[in-house]
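All remarks here apply to the structure that follows.
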Number of protein chains: 2
Amino acid sequence: MVVETKSAQFDSIALDSGATLTPVEIAYETYGNLNADASNAILVTHAFTGDAHAAGISHDAGKPGWWDNMIGPGKAFDTDRYFVICSNVLGGCQGTTGPGSINPATGSPYAMTFPVITIRDMVRLQRMLIDSLGIRRLLCVAGGSMGGMQALEWAVSYPDRVLSTIPIATTWRHSAQQIAFNEVGRQAIMADPDWSDGDYYDKKPPARGLSVARMVGHITYMSDESMREKFGRRLREKEKFGFDFGVDFEVESYLRYRGNQFVSRFDANSYLYITKAEDYFDLTNGTGKLAEAFRQSDTRFLVISFTSDWLYPSYQSQEIVRVLRRINGDVAYCDLQSNYGHDAFLVDIAEQTELVKGFLASTARMAKAA
Amino acid sequence: MVVETKSAQFDSIALDSGATLTPVEIAYETYGNLNADASNAILVTHAFTGDAHAAGISHDAGKPGWWDNMIGPGKAFDTDRYFVICSNVLGGCQGTTGPGSINPATGSPYAMTFPVITIRDMVRLQRMLIDSLGIRRLLCVAGGSMGGMQALEWAVSYPDRVLSTIPIATTWRHSAQQIAFNEVGRQAIMADPDWSDGDYYDKKPPARGLSVARMVGHITYMSDESMREKFGRRLREKEKFGFDFGVDFEVESYLRYRGNQFVSRFDANSYLYITKAEDYFDLTNGTGKLAEAFRQSDTRFLVISFTSDWLYPSYQSQEIVRVLRRINGDVAYCDLQSNYGHDAFLVDIAEQTELVKGFLASTARMAKAA
């Protein structure tokens, strides 16, 4: 299945910060076919550094999508039955308007004059896309990590536009530790002289800072155990400890590789804006009253977490589930056993597939019966 | 109790790498009095960024030592009964020879020509200090984190020179995750252009890189829970989210402060050398046969870990204890309940104090009876 990334453009979008972006563009892909009454559409929302290319083989790069194991004929998000949409988030750098986009008022990239954006802003732009595709109500919004935040935000902001959501490995607000890890990444980027207060688009990008930020990220995406299984203390191309500052251990080589690789595909300013959006995210807008936030919604929920995920620990999903149960919400929950840490929702998909399949089928049945 | 840091100098030290340092200096402090038969000496070994100033108020800076809550009259390491020694590690930057020291052969700082050092090298220099103080056998070697590695190394390298050890919140070798966190710190430093391949001693030090490295460290020293208790999502000097890239959350402000503060007291090259020593550390020299390493030792052990320590998780201490029990070693173990994460051995000391007091008293009794 070769897919092409499409683009939609809108005159403007009003943001939570009070600013307006004029115009705004959104990159997206679709898989499968929208049925006659537009009742089989599922929006898949991506994690921090993801993009619109969730499934199939990309027309240009020839690469499979980031959730290709979950989306396609017969898969969890079965494209024989459902019309699946995935778009790049606002503030991103892969086709949707972000700090690297040209500000039409100046003819130069926005850089750090780009307005601060929130998860709700990302969701607002997704709703505009859904509108333009003629979809009145989504069968489901599903995503992991920051994608899960967007799914939760859909349920709270647009309860009449979404029948069900699947928030995976996520939280209704960032903890101090999650903010701290993001802040280290931001500081690594901003400490790089090549960052130049964000004005690097006609120069060398802050590759070293961005690479260090990504290395920190990778550690938090894996678990102690999955790192041990993958690398242990295996040495890199050496019979003995080298007693130097080259690469001694395979885990070092892997992190450096992933850090450097990331630089070629991601914009440092997008890293700053998107991590801030995660840190600002609070489904209750600071009140802490999660039950009230959910009370206006009769969305169905399938909440999934993973036992070895220490970046978005299971207790954060369980907080959501507990509150939904307390207000008699329609919620299913599973804490899946996995050693893969936070990455589990991307790689350890056998059980997740069964859960998602059943949940989507029952949601579709309920929709038809109603 | 005002204390002064002393210094001892030795002609040379032969290192694991095959190199020799000529001469070598070691900074140390002592608390309490050595008894007539020199049988009451305890060596306290410091963690990664610690120094020789473990207790009392420093003569110069007027600051309390890093384990002042554990060392002193009536405290865990009771200076009314014991003679306590603490020295700065080899490769450090607080009085002991390290990469920032002048190489007498060139008249310039060693910088990256400093030989790679190991935990065993650190312990070898400590043994030279103990020799020079006329101490034939230490009653105990005790330390947390990297200090615990040194304690373990004493038991294995010099079993006839130490009656007991107290390894706290430590491991017999670094896991892939522990190596990964150290590698991120090293990469942050080496990515800073001011690092200049280590030749920055007559210029600006790599302050930004070192600060980022320290920020990562601080996250790993605390627990998810202790960060929540200390910071939660409290905002910094703002009524509302600022929607900018200033400091929004208190945890960000804390990390930046601690990062910047660290730069004034620690040398970036020492950061590189000491973290490599930690990563190379393997009590079995790569054989993985821990029982064999311990079999040559009849040292008593008190092993302590903390429930919320995710940097040096309890299972790593339990591996040590399991092996010692299997070879019928003399080992007591306690996994102390604490929310403070890895920092617990420095701050959550009530139970730790009781354990250490009892263990030292029984060791002293056994020594007298023998």
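For the structure tokens, the naming scheme is as follows: chains receive sequential letters (A, B, ...) according to their order of presentation, residues are indexed from 1 within each chain, and ligands are indexed from 1 in presentation order.
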Each residue of chain B with at least one atom at most 7 Å from chain A should appear once, together with its nearest atom pair and the corresponding distance in Å (one decimal); atoms considered: only C-alpha atoms; ordering: chain, then increasing residue number; output as JSON lines.
{"residue": "B:Ser17", "atom": "CA", "partner": "A:Phe243", "partner_atom": "CA", "distance": 6.7}
{"residue": "B:Val116", "atom": "CA", "partner": "A:Phe243", "partner_atom": "CA", "distance": 5.6}
{"residue": "B:Ser175", "atom": "CA", "partner": "A:Gly232", "partner_atom": "CA", "distance": 6.6}
{"residue": "B:Ala176", "atom": "CA", "partner": "A:Gly232", "partner_atom": "CA", "distance": 5.4}
{"residue": "B:Gln177", "atom": "CA", "partner": "A:Asp224", "partner_atom": "CA", "distance": 5.6}
{"residue": "B:Ala180", "atom": "CA", "partner": "A:Glu252", "partner_atom": "CA", "distance": 6.3}
{"residue": "B:Glu183", "atom": "CA", "partner": "A:Glu252", "partner_atom": "CA", "distance": 6.3}
{"residue": "B:Val184", "atom": "CA", "partner": "A:Met215", "partner_atom": "CA", "distance": 6.4}
{"residue": "B:Gln187", "atom": "CA", "partner": "A:Val212", "partner_atom": "CA", "distance": 6.6}
{"residue": "B:Ala188", "atom": "CA", "partner": "A:Val212", "partner_atom": "CA", "distance": 6.0}
{"residue": "B:Ala191", "atom": "CA", "partner": "A:Arg208", "partner_atom": "CA", "distance": 5.6}
{"residue": "B:Asp192", "atom": "CA", "partner": "A:Asp192", "partner_atom": "CA", "distance": 6.8}
{"residue": "B:Arg208", "atom": "CA", "partner": "A:Ala191", "partner_atom": "CA", "distance": 5.6}
{"residue": "B:Val212", "atom": "CA", "partner": "A:Ala188", "partner_atom": "CA", "distance": 6.0}
{"residue": "B:Met215", "atom": "CA", "partner": "A:Val184", "partner_atom": "CA", "distance": 6.4}
{"residue": "B:Val216", "atom": "CA", "partner": "A:Val184", "partner_atom": "CA", "distance": 6.5}
{"residue": "B:Ile219", "atom": "CA", "partner": "A:Ala180", "partner_atom": "CA", "distance": 6.9}
{"residue": "B:Asp224", "atom": "CA", "partner": "A:Gln177", "partner_atom": "CA", "distance": 5.6}
{"residue": "B:Met227", "atom": "CA", "partner": "A:Ala176", "partner_atom": "CA", "distance": 5.8}
{"residue": "B:Arg228", "atom": "CA", "partner": "A:Ala176", "partner_atom": "CA", "distance": 5.5}
{"residue": "B:Phe231", "atom": "CA", "partner": "A:Ala176", "partner_atom": "CA", "distance": 6.4}
{"residue": "B:Gly232", "atom": "CA", "partner": "A:Ala176", "partner_atom": "CA", "distance": 5.4}
{"residue": "B:Arg233", "atom": "CA", "partner": "A:Ala176", "partner_atom": "CA", "distance": 6.0}
{"residue": "B:Phe243", "atom": "CA", "partner": "A:Val116", "partner_atom": "CA", "distance": 5.6}
{"residue": "B:Asp244", "atom": "CA", "partner": "A:Val116", "partner_atom": "CA", "distance": 6.4}
{"residue": "B:Val251", "atom": "CA", "partner": "A:Ala176", "partner_atom": "CA", "distance": 6.3}
{"residue": "B:Glu252", "atom": "CA", "partner": "A:Ala180", "partner_atom": "CA", "distance": 6.3}
Legend entry - range 95-327 of chain B: residues DSSP assigns to helix (DSSP H, G or I), reported as a PyMOL selection string: chain B and resi 111-113+119-132+146-157+159-161+176-191+193-198+207-221+224-230+250-263+268-280+290-295+314-326
Contact table range 234-338 of chain A vs range 134-144 of chain A, cut-off 12 Å, shortest pair per residue, only C-alpha atoms, as a Markdown table:
| residue | atom | partner | partner_atom | distance |
| --- | --- | --- | --- | --- |
| A:Thr299 | CA | A:Cys140 | CA | 9.2 |
| A:Arg300 | CA | A:Cys140 | CA | 8.9 |
| A:Phe301 | CA | A:Cys140 | CA | 9.3 |
| A:Leu302 | CA | A:Ala142 | CA | 9.1 |
| A:Val303 | CA | A:Ala142 | CA | 9.9 |
| A:Ile304 | CA | A:Gly144 | CA | 8.8 |
| A:Ser305 | CA | A:Gly144 | CA | 9.3 |
| A:Phe306 | CA | A:Gly144 | CA | 11.1 |
| A:Asp309 | CA | A:Gly144 | CA | 11.9 |
| A:Tyr312 | CA | A:Gly144 | CA | 10.1 |
| A:Ser317 | CA | A:Gly144 | CA | 11.5 |
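When only C-alpha atoms are used to compute distances to Thr5 in chain B, the closest of the residues B:Thr30, B:Thr20, B:Thr113, B:Thr363 turns out to be B:Thr30.
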Legend entry - Top pick for closest residue to Ala111 in chain B, considering B:Asp199, B:Asp37, B:Asp160, B:Asp267 and counting only C-alpha atoms: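 Ranking B:Asp199, B:Asp37, B:Asp160, B:Asp267 by distance to Ala111 in chain B, first place goes to B:Asp199.
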Inset, instruction - Write out as a list in words each polymer residue whose atoms come within 7 Å of Gly95 in chain B, counting only C-alpha atoms; drop sequence neighbours fewer than 4 positions from it. - result: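 Here the qualifying residues turn out to be Ile26, Ala27 and Asn88 of chain B.
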Inset, instruction - Name the residues in contact with Leu125 in chain B at a cut-off of 12 Å, using only C-alpha atoms, excluding same-chain residues fewer than 5 positions from it; report them as a PyMOL selection string. - result: chain B and resi 8-16+21+23-28+87-91+96-97+117-120+130-132+150+154
Legend entry - For CA of Arg161 in chain B and CA of Glu351 in chain B, the interatomic separation in Å (one decimal):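 Distance reported for this atom pair: 27.9 Å.
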Legend entry - Using only C-alpha atoms: which of B:Glu354, B:Ser101, B:Pro205, B:Met1 has the shortest distance to Arg265 in chain B: B:Pro205
Inset, instruction - Write out as an MDAnalysis selection string each polymer residue whose atoms come within 12 Å of Val323 in chain B, counting only C-alpha atoms; drop sequence neighbours fewer than 2 positions from it. - result: chainID B and resid 172 288:295 301 316:321 325:331
Take the residues from that selection and write them out as a PDB file, in the first residue's frame, keeping C-alpha atoms.
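So the final result, stored in result.pdb, reads:
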ATOM      1  CA  TRP B 172      28.518  -4.547  41.214  1.00  0.00           C
ATOM      2  CA  GLY B 288      30.182 -12.273  35.476  1.00  0.00           C
ATOM      3  CA  LYS B 289      31.124 -14.763  38.228  1.00  0.00           C
ATOM      4  CA  LEU B 290      30.353 -12.721  41.296  1.00  0.00           C
ATOM      5  CA  ALA B 291      30.645 -15.638  43.703  1.00  0.00           C
ATOM      6  CA  GLU B 292      34.274 -16.146  42.648  1.00  0.00           C
ATOM      7  CA  ALA B 293      35.032 -12.467  43.163  1.00  0.00           C
ATOM      8  CA  PHE B 294      33.651 -12.585  46.703  1.00  0.00           C
ATOM      9  CA  ARG B 295      35.061 -16.001  47.636  1.00  0.00           C
ATOM     10  CA  PHE B 301      28.713  -6.810  54.560  1.00  0.00           C
ATOM     11  CA  GLN B 316      21.037  -4.750  41.967  1.00  0.00           C
ATOM     12  CA  SER B 317      21.750  -4.837  45.712  1.00  0.00           C
ATOM     13  CA  GLN B 318      19.778  -8.058  45.980  1.00  0.00           C
ATOM     14  CA  GLU B 319      21.994  -9.704  43.351  1.00  0.00           C
ATOM     15  CA  ILE B 320      24.986  -8.982  45.584  1.00  0.00           C
ATOM     16  CA  VAL B 321      23.204 -10.271  48.689  1.00  0.00           C
ATOM     17  CA  ARG B 325      24.400 -15.781  50.933  1.00  0.00           C
ATOM     18  CA  ARG B 326      25.068 -18.567  48.439  1.00  0.00           C
ATOM     19  CA  ILE B 327      28.758 -18.654  49.404  1.00  0.00           C
ATOM     20  CA  ASN B 328      27.817 -18.409  53.081  1.00  0.00           C
ATOM     21  CA  GLY B 329      29.148 -14.871  53.389  1.00  0.00           C
ATOM     22  CA  ASP B 330      28.467 -12.661  56.395  1.00  0.00           C
ATOM     23  CA  VAL B 331      25.842 -10.311  54.975  1.00  0.00           C
TER      24      VAL B 331
END
Legend entry - Counting only C-alpha atoms, the residue of B:Thr165, B:Ser58, B:Asn40, B:Ser196 that sits nearest Val2 in chain B: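 The shortest atom-to-atom distance to Val2 in chain B comes from B:Ser58.
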